[in-house]
Amino acid sequence: MTKRLLVAYDGTPQAEEALEFAIDEWGGADITLLYVINPVEAGYSAGVGIPSGAEEWFEQAKADAEELFDEAAAEYDVEFRTEIAVGRPPQTIVDVAGG
């Protein structure tokens with residue numbers, strides 16, 4: 001039986017479907033929600049070239065992830081482990097899953 005699951009979670013409809021599937025199929029498992037902050041996206045934000053602007057962007061991205069985690073926990077009435085990582089999402093998901 002599966003005991004631990006990692007669900008990449010960014011609030012998109014696809015992530016919601018993946019989470020619902022994980023809960024339906026393995027509701028008793030230890031589910032970790034992973035949010036990957038993609039630093040490439042920072043390049044599109046105003047003020048990122050300024051050192052404090054990059055820090056503010058990163059802190060906002062972390063706050064957004066925490067809010068998504070809270071919303072998922074409330075919506076599904078399930079206690080999740082959560083993790084926030086930084087990197088390119090495909091590789092970071094594989095790295096976290098393997099580590």
# chains A, B, ... in the order shown; residues from 1 in each chain; ligands from 1
$ select_by_dssp --residues "chain A" --states "alpha helix (DSSP H)" --output "MDAnalysis selection string"
chainID A and resid 13:26 51:76 89:98
$ closest_residue --among "A:Ala97, A:Leu34, A:Val40, A:Ile23" --to "Val78 of chain A" --atoms "only C-alpha atoms"
A:Ile23
$ closest_residue --among "A:Glu41, A:Gln91, A:Glu66, A:Val7" --to "Ala54 of chain A" --atoms "only C-alpha atoms"
A:Glu41
$ residues_around --residues "Ile31 of chain A" --least-positions-apart "6" --cutoff "12 Å" --atoms "only C-alpha atoms" --output "compact mmCIF listing (two decimals) with N, CA and C atoms, in the first residue's frame"
# COMPACT_ATOMS: atom_id res chain seq x y z
N THR A 2 0.45 2.25 -0.74
CA THR A 2 1.17 3.52 -0.80
C THR A 2 1.03 4.24 0.52
N LYS A 3 2.15 4.70 1.06
CA LYS A 3 2.11 5.38 2.34
C LYS A 3 2.39 6.87 2.23
N ARG A 4 3.17 7.26 1.20
CA ARG A 4 3.51 8.67 1.02
C ARG A 4 3.31 9.06 -0.43
N LEU A 5 2.70 10.22 -0.63
CA LEU A 5 2.48 10.75 -1.98
C LEU A 5 2.96 12.18 -2.05
N LEU A 6 3.51 12.54 -3.20
CA LEU A 6 3.91 13.91 -3.47
C LEU A 6 3.01 14.42 -4.58
N VAL A 7 2.34 15.54 -4.32
CA VAL A 7 1.47 16.15 -5.33
C VAL A 7 2.01 17.55 -5.60
N ALA A 8 2.46 17.77 -6.84
CA ALA A 8 2.87 19.10 -7.25
C ALA A 8 1.61 19.95 -7.29
N TYR A 9 1.61 21.05 -6.55
CA TYR A 9 0.37 21.79 -6.37
C TYR A 9 0.60 23.28 -6.55
N ALA A 18 -5.31 16.47 -9.82
CA ALA A 18 -4.31 15.53 -9.29
C ALA A 18 -4.50 15.32 -7.80
N LEU A 19 -4.76 16.41 -7.08
CA LEU A 19 -4.96 16.31 -5.64
C LEU A 19 -6.23 15.53 -5.32
N GLU A 20 -7.31 15.82 -6.03
CA GLU A 20 -8.56 15.08 -5.82
C GLU A 20 -8.36 13.59 -6.08
N PHE A 21 -7.64 13.26 -7.13
CA PHE A 21 -7.37 11.87 -7.45
C PHE A 21 -6.56 11.20 -6.34
N ALA A 22 -5.54 11.89 -5.87
CA ALA A 22 -4.70 11.35 -4.79
C ALA A 22 -5.52 11.09 -3.54
N ILE A 23 -6.40 12.02 -3.19
CA ILE A 23 -7.24 11.85 -2.00
C ILE A 23 -8.23 10.70 -2.20
N ASP A 24 -8.86 10.64 -3.38
CA ASP A 24 -9.83 9.58 -3.66
C ASP A 24 -9.19 8.20 -3.64
N GLU A 25 -8.01 8.09 -4.24
CA GLU A 25 -7.36 6.79 -4.38
C GLU A 25 -6.55 6.37 -3.15
N PHE A 69 -1.93 26.33 0.04
CA PHE A 69 -1.94 25.18 0.95
C PHE A 69 -3.09 25.27 1.93
N ALA A 72 -6.39 24.54 0.19
CA ALA A 72 -6.55 23.11 -0.11
C ALA A 72 -6.92 22.34 1.16
N ALA A 73 -6.28 22.65 2.26
CA ALA A 73 -6.57 21.96 3.52
C ALA A 73 -8.01 22.22 3.94
N VAL A 78 -8.41 17.86 4.85
CA VAL A 78 -7.34 16.88 4.99
C VAL A 78 -6.12 17.63 5.49
N GLU A 79 -5.35 16.96 6.34
CA GLU A 79 -4.11 17.54 6.81
C GLU A 79 -3.00 17.12 5.86
N PHE A 80 -2.32 18.08 5.27
CA PHE A 80 -1.25 17.82 4.33
C PHE A 80 0.09 18.24 4.93
N ARG A 81 1.13 17.57 4.50
CA ARG A 81 2.47 18.11 4.68
C ARG A 81 2.65 19.08 3.52
N THR A 82 3.48 20.09 3.70
CA THR A 82 3.70 21.04 2.61
C THR A 82 5.19 21.29 2.45
N GLU A 83 5.56 21.62 1.24
CA GLU A 83 6.94 21.95 0.95
C GLU A 83 6.97 22.99 -0.16
$ select_by_dssp --residues "chain A" --states "strand (DSSP E)" --output "number ranges by chain"
A: 4-8, 30-37, 81-86
$ residues_around --residues "segment 11-15 of chain A" --least-positions-apart "6" --cutoff "10 Å" --atoms "only C-alpha atoms" --output "PyMOL selection string"
chain A and resi 21+33+35+64-65+67-69+71-72
$ atom_distance --atom1 "atom CA of Glu59 of chain A" --atom2 "atom CA of Glu16 of chain A"
23.6 Å
$ atom_distance --atom1 "atom CA of Arg88 of chain A" --atom2 "atom CA of Val36 of chain A"
7.5 Å
$ atom_distance --atom1 "atom CA of Gly27 of chain A" --atom2 "atom CA of Asp77 of chain A"
11.1 Å
$ closest_residue --among "A:Pro89, A:Glu17, A:Asp70, A:Ala63" --to "Ile37 of chain A" --atoms "only C-alpha atoms"
A:Pro89
